[in-house]
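This is coords-v5.pdb (PDB, C-alpha atoms (C1' of nucleotides)).
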ATOM      1  CA  MET A  13      10.058  23.277  -6.216  1.00  0.00           C
ATOM      2  CA  GLN A  14       7.535  25.734  -4.858  1.00  0.00           C
ATOM      3  CA  MET A  15       7.583  24.776  -1.229  1.00  0.00           C
ATOM      4  CA  GLN A  16      10.757  23.438   0.358  1.00  0.00           C
ATOM      5  CA  LEU A  17      10.505  20.016   1.931  1.00  0.00           C
ATOM      6  CA  SER A  18      11.976  21.332   5.157  1.00  0.00           C
ATOM      7  CA  LYS A  19       9.215  23.918   5.273  1.00  0.00           C
ATOM      8  CA  ILE A  20       6.533  21.277   4.779  1.00  0.00           C
ATOM      9  CA  PHE A  21       8.112  19.193   7.520  1.00  0.00           C
ATOM     10  CA  SER A  22       8.186  22.048  10.014  1.00  0.00           C
ATOM     11  CA  LEU A  23       4.565  22.992   9.254  1.00  0.00           C
ATOM     12  CA  LEU A  24       3.408  19.424   9.835  1.00  0.00           C
ATOM     13  CA  LEU A  25       5.495  18.944  12.959  1.00  0.00           C
ATOM     14  CA  GLU A  26       4.207  22.192  14.381  1.00  0.00           C
ATOM     15  CA  GLU A  27       0.607  21.192  13.668  1.00  0.00           C
ATOM     16  CA  TYR A  28       0.648  17.563  14.745  1.00  0.00           C
ATOM     17  CA  GLY A  29       3.743  17.048  16.902  1.00  0.00           C
ATOM     18  CA  PRO A  30       5.914  13.898  16.889  1.00  0.00           C
ATOM     19  CA  GLN A  31       4.045  10.753  15.780  1.00  0.00           C
ATOM     20  CA  HIS A  32       6.304   8.159  17.460  1.00  0.00           C
ATOM     21  CA  TRP A  33       6.103   5.639  14.633  1.00  0.00           C
ATOM     22  CA  TRP A  34       5.975   2.740  13.668  1.00  0.00           C
ATOM     23  CA  PRO A  35       3.104   1.323  15.738  1.00  0.00           C
ATOM     24  CA  GLY A  36       4.722  -2.007  16.650  1.00  0.00           C
ATOM     25  CA  ASP A  37       6.938  -3.368  19.410  1.00  0.00           C
ATOM     26  CA  THR A  38       9.563  -5.446  17.625  1.00  0.00           C
ATOM     27  CA  PRO A  39      11.293  -5.336  14.228  1.00  0.00           C
ATOM     28  CA  TRP A  40       9.381  -8.408  13.074  1.00  0.00           C
ATOM     29  CA  GLU A  41       6.038  -7.006  14.211  1.00  0.00           C
ATOM     30  CA  ILE A  42       6.821  -3.828  12.297  1.00  0.00           C
ATOM     31  CA  ALA A  43       7.730  -5.796   9.182  1.00  0.00           C
ATOM     32  CA  ALA A  44       4.578  -7.887   9.491  1.00  0.00           C
ATOM     33  CA  GLY A  45       2.513  -4.718   9.788  1.00  0.00           C
ATOM     34  CA  ALA A  46       4.206  -3.218   6.739  1.00  0.00           C
ATOM     35  CA  LEU A  47       3.255  -6.240   4.664  1.00  0.00           C
ATOM     36  CA  LEU A  48      -0.263  -6.678   5.991  1.00  0.00           C
ATOM     37  CA  THR A  49      -1.186  -3.025   5.540  1.00  0.00           C
ATOM     38  CA  GLN A  50      -0.725  -3.156   1.768  1.00  0.00           C
ATOM     39  CA  ASN A  51      -3.753  -1.378   0.322  1.00  0.00           C
ATOM     40  CA  THR A  52      -5.553  -1.934   3.614  1.00  0.00           C
ATOM     41  CA  ASN A  53      -6.897   0.134   6.488  1.00  0.00           C
ATOM     42  CA  TRP A  54      -4.576   0.037   9.499  1.00  0.00           C
ATOM     43  CA  GLY A  55      -7.420  -0.834  11.868  1.00  0.00           C
ATOM     44  CA  ASN A  56      -7.904  -4.115  10.026  1.00  0.00           C
ATOM     45  CA  VAL A  57      -4.180  -4.826  10.290  1.00  0.00           C
ATOM     46  CA  GLU A  58      -4.317  -4.313  14.055  1.00  0.00           C
ATOM     47  CA  LYS A  59      -6.937  -7.039  14.274  1.00  0.00           C
ATOM     48  CA  ALA A  60      -4.759  -9.418  12.288  1.00  0.00           C
ATOM     49  CA  ILE A  61      -1.702  -8.661  14.428  1.00  0.00           C
ATOM     50  CA  ALA A  62      -3.728  -9.145  17.610  1.00  0.00           C
ATOM     51  CA  ASN A  63      -4.750 -12.571  16.282  1.00  0.00           C
ATOM     52  CA  LEU A  64      -1.132 -13.441  15.524  1.00  0.00           C
ATOM     53  CA  LYS A  65      -0.088 -12.447  19.047  1.00  0.00           C
ATOM     54  CA  ARG A  66      -2.925 -14.336  20.667  1.00  0.00           C
ATOM     55  CA  LEU A  67      -1.994 -17.519  18.826  1.00  0.00           C
ATOM     56  CA  GLY A  68       1.736 -17.103  19.422  1.00  0.00           C
ATOM     57  CA  LEU A  69       2.365 -16.755  15.695  1.00  0.00           C
ATOM     58  CA  LEU A  70       4.109 -13.385  15.712  1.00  0.00           C
ATOM     59  CA  ASP A  71       7.371 -15.093  14.888  1.00  0.00           C
ATOM     60  CA  PRO A  72       8.926 -15.623  11.438  1.00  0.00           C
ATOM     61  CA  ALA A  73       9.769 -19.264  12.185  1.00  0.00           C
ATOM     62  CA  LYS A  74       6.142 -19.978  13.102  1.00  0.00           C
ATOM     63  CA  ILE A  75       4.913 -18.270   9.951  1.00  0.00           C
ATOM     64  CA  ALA A  76       7.343 -20.182   7.776  1.00  0.00           C
ATOM     65  CA  ASP A  77       6.277 -23.500   9.340  1.00  0.00           C
ATOM     66  CA  SER A  78       2.514 -23.055   9.714  1.00  0.00           C
ATOM     67  CA  ARG A  79       0.017 -24.417   7.227  1.00  0.00           C
ATOM     68  CA  ASP A  80      -1.438 -21.839   4.858  1.00  0.00           C
ATOM     69  CA  GLU A  81      -4.936 -22.366   6.207  1.00  0.00           C
ATOM     70  CA  ILE A  82      -3.848 -21.447   9.748  1.00  0.00           C
ATOM     71  CA  ILE A  83      -2.230 -18.217   8.619  1.00  0.00           C
ATOM     72  CA  GLN A  84      -5.127 -17.344   6.331  1.00  0.00           C
ATOM     73  CA  ASN A  85      -7.632 -17.586   9.157  1.00  0.00           C
ATOM     74  CA  THR A  86      -5.391 -15.581  11.484  1.00  0.00           C
ATOM     75  CA  ILE A  87      -4.759 -12.647   9.171  1.00  0.00           C
ATOM     76  CA  ARG A  88      -8.186 -12.703   7.527  1.00  0.00           C
ATOM     77  CA  PRO A  89      -9.286  -9.285   8.892  1.00  0.00           C
ATOM     78  CA  ALA A  90      -6.410  -7.620   7.004  1.00  0.00           C
ATOM     79  CA  GLY A  91      -7.975  -8.587   3.671  1.00  0.00           C
ATOM     80  CA  TYR A  92      -6.400 -10.330   0.648  1.00  0.00           C
ATOM     81  CA  PHE A  93      -5.768 -13.129   3.130  1.00  0.00           C
ATOM     82  CA  ARG A  94      -4.755 -15.818   0.622  1.00  0.00           C
ATOM     83  CA  LEU A  95      -2.414 -13.504  -1.226  1.00  0.00           C
ATOM     84  CA  LYS A  96      -0.954 -12.076   1.957  1.00  0.00           C
ATOM     85  CA  THR A  97      -0.376 -15.536   3.420  1.00  0.00           C
ATOM     86  CA  TYR A  98       1.832 -16.315   0.431  1.00  0.00           C
ATOM     87  CA  ARG A  99       3.644 -13.002   0.775  1.00  0.00           C
ATOM     88  CA  PHE A 100       3.970 -13.289   4.547  1.00  0.00           C
ATOM     89  CA  LYS A 101       5.636 -16.678   4.223  1.00  0.00           C
ATOM     90  CA  ASN A 102       8.042 -15.330   1.627  1.00  0.00           C
ATOM     91  CA  LEU A 103       8.980 -12.484   3.946  1.00  0.00           C
ATOM     92  CA  ALA A 104       9.374 -14.865   6.905  1.00  0.00           C
ATOM     93  CA  ARG A 105      11.788 -17.050   4.936  1.00  0.00           C
ATOM     94  CA  TRP A 106      13.781 -13.985   3.919  1.00  0.00           C
ATOM     95  CA  TRP A 107      13.884 -12.869   7.536  1.00  0.00           C
ATOM     96  CA  LEU A 108      15.135 -16.212   8.795  1.00  0.00           C
ATOM     97  CA  ALA A 109      17.884 -16.196   6.194  1.00  0.00           C
ATOM     98  CA  ASN A 110      18.988 -12.585   6.606  1.00  0.00           C
ATOM     99  CA  VAL A 111      18.218 -11.390  10.137  1.00  0.00           C
ATOM    100  CA  ARG A 112      19.737 -12.473  13.448  1.00  0.00           C
ATOM    101  CA  ASN A 113      18.718 -11.080  16.827  1.00  0.00           C
ATOM    102  CA  ASP A 114      16.713  -8.350  15.161  1.00  0.00           C
ATOM    103  CA  HIS A 115      19.742  -7.119  13.217  1.00  0.00           C
ATOM    104  CA  LEU A 116      20.620  -7.619   9.603  1.00  0.00           C
ATOM    105  CA  LYS A 117      23.462 -10.054   9.061  1.00  0.00           C
ATOM    106  CA  ARG A 118      26.635  -8.311   7.861  1.00  0.00           C
ATOM    107  CA  LYS A 119      26.924  -4.887   6.252  1.00  0.00           C
ATOM    108  CA  SER A 120      23.770  -3.641   7.922  1.00  0.00           C
ATOM    109  CA  SER A 121      24.626  -0.110   6.779  1.00  0.00           C
ATOM    110  CA  ASP A 122      24.512  -1.032   3.086  1.00  0.00           C
ATOM    111  CA  LEU A 123      21.094   0.368   2.273  1.00  0.00           C
ATOM    112  CA  ASP A 124      21.050  -0.398  -1.450  1.00  0.00           C
ATOM    113  CA  PHE A 125      22.160  -3.972  -0.895  1.00  0.00           C
ATOM    114  CA  TRP A 126      19.392  -4.710   1.593  1.00  0.00           C
ATOM    115  CA  ARG A 127      16.777  -2.836  -0.432  1.00  0.00           C
ATOM    116  CA  ASP A 128      17.524  -4.962  -3.501  1.00  0.00           C
ATOM    117  CA  SER A 129      17.498  -8.049  -1.323  1.00  0.00           C
ATOM    118  CA  LEU A 130      14.051  -7.251   0.076  1.00  0.00           C
ATOM    119  CA  LEU A 131      12.734  -6.318  -3.365  1.00  0.00           C
ATOM    120  CA  SER A 132      13.655  -9.797  -4.588  1.00  0.00           C
ATOM    121  CA  VAL A 133      11.007 -11.220  -2.236  1.00  0.00           C
ATOM    122  CA  SER A 134       7.752 -11.808  -4.107  1.00  0.00           C
ATOM    123  CA  GLY A 135       5.120  -9.640  -2.483  1.00  0.00           C
ATOM    124  CA  VAL A 136       7.534  -7.031  -1.172  1.00  0.00           C
ATOM    125  CA  GLY A 137       7.448  -3.934  -3.335  1.00  0.00           C
ATOM    126  CA  ARG A 138       9.159  -0.588  -2.924  1.00  0.00           C
ATOM    127  CA  GLU A 139       6.962   0.871  -0.225  1.00  0.00           C
ATOM    128  CA  THR A 140       6.967  -2.288   1.863  1.00  0.00           C
ATOM    129  CA  ALA A 141      10.733  -2.662   1.480  1.00  0.00           C
ATOM    130  CA  ASP A 142      11.375   0.952   2.456  1.00  0.00           C
ATOM    131  CA  SER A 143       9.015   0.700   5.431  1.00  0.00           C
ATOM    132  CA  ILE A 144      10.848  -2.356   6.738  1.00  0.00           C
ATOM    133  CA  LEU A 145      14.282  -0.838   6.159  1.00  0.00           C
ATOM    134  CA  LEU A 146      13.355   2.420   7.867  1.00  0.00           C
ATOM    135  CA  TYR A 147      11.118   1.276  10.681  1.00  0.00           C
ATOM    136  CA  SER A 148      12.543  -2.159  11.495  1.00  0.00           C
ATOM    137  CA  PHE A 149      16.218  -1.482  10.808  1.00  0.00           C
ATOM    138  CA  HIS A 150      16.507   2.302  11.097  1.00  0.00           C
ATOM    139  CA  LEU A 151      18.233   2.651   7.739  1.00  0.00           C
ATOM    140  CA  PRO A 152      17.862   6.094   6.095  1.00  0.00           C
ATOM    141  CA  THR A 153      15.436   5.355   3.258  1.00  0.00           C
ATOM    142  CA  PHE A 154      12.368   7.479   2.558  1.00  0.00           C
ATOM    143  CA  VAL A 155       8.978   5.758   2.423  1.00  0.00           C
ATOM    144  CA  VAL A 156       6.691   6.976  -0.354  1.00  0.00           C
ATOM    145  CA  ASP A 157       3.032   6.036  -0.166  1.00  0.00           C
ATOM    146  CA  THR A 158      -0.275   7.156  -1.652  1.00  0.00           C
ATOM    147  CA  TYR A 159      -0.495   9.911   0.946  1.00  0.00           C
ATOM    148  CA  THR A 160       2.940  11.236   0.055  1.00  0.00           C
ATOM    149  CA  LYS A 161       2.155  11.248  -3.637  1.00  0.00           C
ATOM    150  CA  ARG A 162      -1.260  12.844  -3.206  1.00  0.00           C
ATOM    151  CA  ILE A 163      -0.116  15.545  -0.804  1.00  0.00           C
ATOM    152  CA  MET A 164       2.931  16.468  -2.855  1.00  0.00           C
ATOM    153  CA  SER A 165       1.001  16.794  -6.108  1.00  0.00           C
ATOM    154  CA  ARG A 166      -2.012  18.521  -4.613  1.00  0.00           C
ATOM    155  CA  HIS A 167       0.231  21.178  -3.153  1.00  0.00           C
ATOM    156  CA  TYR A 168       2.041  21.697  -6.441  1.00  0.00           C
ATOM    157  CA  VAL A 169       5.340  20.300  -5.231  1.00  0.00           C
ATOM    158  CA  THR A 170       5.619  17.399  -7.685  1.00  0.00           C
ATOM    159  CA  ALA A 171       3.635  15.992 -10.607  1.00  0.00           C
ATOM    160  CA  GLU A 172       0.817  13.543  -9.942  1.00  0.00           C
ATOM    161  CA  SER A 173       2.329  11.036 -12.343  1.00  0.00           C
ATOM    162  CA  ILE A 174       5.754  10.942 -10.683  1.00  0.00           C
ATOM    163  CA  ASP A 175       7.359   7.532 -10.296  1.00  0.00           C
ATOM    164  CA  TYR A 176       7.957   6.048  -6.838  1.00  0.00           C
ATOM    165  CA  ASP A 177      11.731   6.142  -7.018  1.00  0.00           C
ATOM    166  CA  GLU A 178      11.792   9.625  -8.499  1.00  0.00           C
ATOM    167  CA  LEU A 179       9.774  10.961  -5.603  1.00  0.00           C
ATOM    168  CA  ARG A 180      11.882   9.025  -3.119  1.00  0.00           C
ATOM    169  CA  ASP A 181      15.037  10.475  -4.667  1.00  0.00           C
ATOM    170  CA  ILE A 182      13.738  14.005  -4.167  1.00  0.00           C
ATOM    171  CA  PHE A 183      13.368  13.471  -0.442  1.00  0.00           C
ATOM    172  CA  MET A 184      16.648  11.634  -0.105  1.00  0.00           C
ATOM    173  CA  ASN A 185      18.601  14.236  -2.057  1.00  0.00           C
ATOM    174  CA  GLU A 186      17.081  17.345  -0.523  1.00  0.00           C
ATOM    175  CA  LEU A 187      17.036  16.275   3.098  1.00  0.00           C
ATOM    176  CA  PRO A 188      19.743  15.036   5.455  1.00  0.00           C
ATOM    177  CA  ARG A 189      19.753  11.230   5.328  1.00  0.00           C
ATOM    178  CA  ASP A 190      18.578  10.814   8.866  1.00  0.00           C
ATOM    179  CA  PRO A 191      16.332   7.862   9.729  1.00  0.00           C
ATOM    180  CA  VAL A 192      14.775   9.797  12.602  1.00  0.00           C
ATOM    181  CA  LEU A 193      13.787  12.619  10.248  1.00  0.00           C
ATOM    182  CA  PHE A 194      12.529  10.211   7.546  1.00  0.00           C
ATOM    183  CA  ASN A 195      10.524   8.300  10.150  1.00  0.00           C
ATOM    184  CA  GLU A 196       8.807  11.413  11.432  1.00  0.00           C
ATOM    185  CA  PHE A 197       8.225  12.921   7.993  1.00  0.00           C
ATOM    186  CA  HIS A 198       6.488   9.869   6.595  1.00  0.00           C
ATOM    187  CA  ALA A 199       4.378   9.451   9.726  1.00  0.00           C
ATOM    188  CA  LEU A 200       3.320  13.097   9.512  1.00  0.00           C
ATOM    189  CA  PHE A 201       2.299  12.629   5.862  1.00  0.00           C
ATOM    190  CA  VAL A 202       0.067   9.734   6.884  1.00  0.00           C
ATOM    191  CA  ARG A 203      -1.437  11.802   9.683  1.00  0.00           C
ATOM    192  CA  LEU A 204      -2.115  14.666   7.292  1.00  0.00           C
ATOM    193  CA  GLY A 205      -3.496  12.360   4.625  1.00  0.00           C
ATOM    194  CA  LYS A 206      -5.910  10.756   7.060  1.00  0.00           C
ATOM    195  CA  GLU A 207      -6.929  13.904   8.814  1.00  0.00           C
ATOM    196  CA  ALA A 208      -6.998  16.896   6.495  1.00  0.00           C
ATOM    197  CA  CYS A 209      -5.766  16.053   3.009  1.00  0.00           C
ATOM    198  CA  GLY A 210      -7.982  13.173   1.997  1.00  0.00           C
ATOM    199  CA  LYS A 211      -8.681  11.609  -1.362  1.00  0.00           C
ATOM    200  CA  ARG A 212     -11.542  13.970  -2.110  1.00  0.00           C
ATOM    201  CA  GLY A 213      -9.761  17.149  -1.118  1.00  0.00           C
ATOM    202  CA  CYS A 214      -8.205  19.072   1.724  1.00  0.00           C
ATOM    203  CA  THR A 215     -10.207  20.455   4.598  1.00  0.00           C
ATOM    204  CA  ALA A 216      -9.789  24.059   5.619  1.00  0.00           C
ATOM    205  CA  GLN A 217      -7.607  22.774   8.476  1.00  0.00           C
ATOM    206  CA  CYS A 218      -4.908  21.451   6.152  1.00  0.00           C
ATOM    207  CA  PRO A 219      -1.640  22.911   7.523  1.00  0.00           C
ATOM    208  CA  LEU A 220      -0.387  23.311   3.942  1.00  0.00           C
ATOM    209  CA  GLY A 221      -3.677  24.885   2.895  1.00  0.00           C
ATOM    210  CA  ALA A 222      -2.310  28.113   1.539  1.00  0.00           C
ATOM    211  CA  GLU A 223      -0.670  26.207  -1.300  1.00  0.00           C
ATOM    212  CA  CYS A 224      -3.522  23.776  -1.935  1.00  0.00           C
ATOM    213  CA  HIS A 225      -5.586  23.732  -5.134  1.00  0.00           C
ATOM    214  CA  ARG A 226      -8.460  21.574  -3.949  1.00  0.00           C
ATOM    215  CA  VAL A 227      -9.884  23.015  -0.761  1.00  0.00           C
ATOM    216  CA  ARG A 228     -13.308  21.999   0.420  1.00  0.00           C
ATOM    217  CA  MET A 229     -15.144  22.831   3.624  1.00  0.00           C
TER     218      MET A 229
ATOM    219  C1'  DG B  20     -24.564   0.044  -1.658  1.00  0.00           C
ATOM    220  C1'  DA B  21     -20.648   2.775  -2.902  1.00  0.00           C
ATOM    221  C1'  DC B  22     -16.380   4.223  -1.430  1.00  0.00           C
ATOM    222  C1'  DC B  23     -12.103   3.923   0.897  1.00  0.00           C
ATOM    223  C1'  DA B  24      -7.788   1.919   3.021  1.00  0.00           C
ATOM    224  C1'  DG B  25       0.544   2.907   4.562  1.00  0.00           C
ATOM    225  C1'  DG B  26       0.399  -2.200  -2.693  1.00  0.00           C
ATOM    226  C1'  DC B  27       1.951  -5.708  -5.552  1.00  0.00           C
ATOM    227  C1'  DA B  28       2.596  -8.972  -9.392  1.00  0.00           C
ATOM    228  C1'  DC B  29       1.316 -10.116 -13.705  1.00  0.00           C
ATOM    229  C1'  DA B  30      -0.914  -9.647 -18.354  1.00  0.00           C
ATOM    230  C1'  DT B  31      -1.494  -6.997 -22.296  1.00  0.00           C
ATOM    231  C1'  DC B  32      -0.915  -3.332 -25.521  1.00  0.00           C
TER     232       DC B  32
ATOM    233  C1'  DG C  11       7.250   1.808 -20.498  1.00  0.00           C
ATOM    234  C1'  DA C  12       2.432   2.873 -19.595  1.00  0.00           C
ATOM    235  C1'  DT C  13      -1.993   0.998 -18.321  1.00  0.00           C
ATOM    236  C1'  DG C  14      -5.382  -2.437 -16.586  1.00  0.00           C
ATOM    237  C1'  DT C  15      -6.775  -6.155 -13.393  1.00  0.00           C
ATOM    238  C1'  DG C  16      -7.248  -9.397  -9.418  1.00  0.00           C
ATOM    239  C1'  DC C  17      -6.787  -9.720  -4.749  1.00  0.00           C
ATOM    240  C1'  DA C  18     -10.776  -9.199   0.335  1.00  0.00           C
ATOM    241  C1'  DT C  19     -11.969  -7.390   4.761  1.00  0.00           C
ATOM    242  C1'  DG C  20     -14.297  -3.933   7.605  1.00  0.00           C
ATOM    243  C1'  DG C  21     -15.552   0.929   8.675  1.00  0.00           C
ATOM    244  C1'  DT C  22     -18.029   5.167   7.079  1.00  0.00           C
TER     245       DT C  22
END
Will you turn the file into structure tokens for me?
Amino acid sequence: MQMQLSKIFSLLLEEYGPQHWWPGDTPWEIAAGALLTQNTNWGNVEKAIANLKRLGLLDPAKIADSRDEIIQNTIRPAGYFRLKTYRFKNLARWWLANVRNDHLKRKSSDLDFWRDSLLSVSGVGRETADSILLYSFHLPTFVVDTYTKRIMSRHYVTAESIDYDELRDIFMNELPRDPVLFNEFHALFVRLGKEACGKRGCTAQCPLGAECHRVRM
DNA sequence: GACCAGGCACATC
DNA sequence: GATGTGCATGGT
């Protein structure tokens, strides 16, 4: 590996400072955001969450009980609103069955157990599951997203075609398994991806620029 | 109007 | 196992 992960982390932290993630006040709000932001701009998700709050629906029991049409209209700004209504209800039912007082029932430290449990929910894939485990429950799992994959391959750290779990394993095996570190690292990747290492190329301000193979001005 | 945004399940080869 | 496709809104 050309550049050590700890080096990348320190460069990003130095450039951007702590990101204080996830943007959300409660574990359920964080989980809802993780689901609604699938392949969607965060600004649109904020609109959907504001609607949920305004209507008093930011509650898994309300989601599980509400008619599809109500939820669809509420989360419409987040896109894929029919699909996400189905997924949101599935997640709400899982939450009601497995979470009490914002804590996982039993064995809350058993990361693999809870990851498999979340992955059994239709509509919850690996990134969404890891986001919920890390940001709602503070379990030490690394969240891989399109930013992570793009930044790592563009800076010659890993191959572009790498599988989600392979990339996740690299972070989890090379770094201390600390949820605070994983939280900050992922948030910094998103910041970098949005700001200076976009889909079309890095800007000259990319903090990892010296190792980048697609610089534009 | 094209392109992009914290994915995922399912079909098909 | 890899690869393709549908799902939808809103900002640039």
Which residues of chain A sit at most 8 Å from chain C, using only C-alpha atoms (C1' of nucleotides)? Give each one's shortest atom pair and distance in Å (one decimal place), in chain and ascending residue order, as a Markdown table.
| residue | atom | partner | partner_atom | distance |
| --- | --- | --- | --- | --- |
| A:Asn56 | CA | C:DG20 | C1' | 6.8 |
| A:Arg88 | CA | C:DT19 | C1' | 7.1 |
| A:Pro89 | CA | C:DT19 | C1' | 5.3 |
| A:Ala90 | CA | C:DT19 | C1' | 6.0 |
| A:Gly91 | CA | C:DT19 | C1' | 4.3 |
| A:Tyr92 | CA | C:DA18 | C1' | 4.5 |
| A:Phe93 | CA | C:DA18 | C1' | 7.0 |
| A:Leu95 | CA | C:DC17 | C1' | 6.8 |
Discussion item. Under the PyMOL selection byres ((chain A) within 10 of (chain B)), which residues of this model are included? Write them out as an NGL selection string.
Written reply: :A and (45-56 or 95 or 99 or 134-140 or 143 or 155-160 or 198-199 or 201-202 or 206 or 211)
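Atom CA of Leu145 of chain A sits 12.0 Å away from atom CA of Asp114 of chain A.
Distance annotation: of A:Cys218, A:Ile87, A:Ala141, A:Ala208, the residue with the minimal separation from Lys59 of chain A is A:Ile87; atom set is all atoms listed in the file.
The space separating atom CA of Gly205 of chain A from atom CA of Val192 of chain A comes to 20.1 Å.
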Grab all the atoms of segment 20-26 of chain B that the file lists, wrap them in a box along x, y and z, add 6 Å per side, and give me centre plus edge lengths in Å (one decimal) as JSON.
{"center_x": -12.0, "center_y": 1.0, "center_z": 0.8, "size_x": 37.1, "size_y": 18.4, "size_z": 19.5}
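The gap separating atom CA of Trp126 of chain A from atom CA of Trp106 of chain A is 11.1 Å, in Å to one decimal.
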Item to complete: Have a look at A:Leu204, A:Gln16, A:Arg118, A:Leu67 and name the one nearest to Pro219 of chain A; count all atoms listed in the file.
Response: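 Answer, going by the shortest atom-to-atom distance: A:Leu204.
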Discussion item. Could you list, as a PyMOL selection string, every residue matched by the PyMOL selection byres ((chain A and resi 169-183) around 8) in this structure?
Written reply: chain A and resi 13-15+17+138+154-156+161-162+164-168+184-187
Discussion item. Can you translate the PyMOL selection byres ((chain A and resi 61) around 8) into the concrete residues it hits in this file, as a PyMOL selection string?
Written reply: chain A and resi 41+45+57-60+62-65+70+87
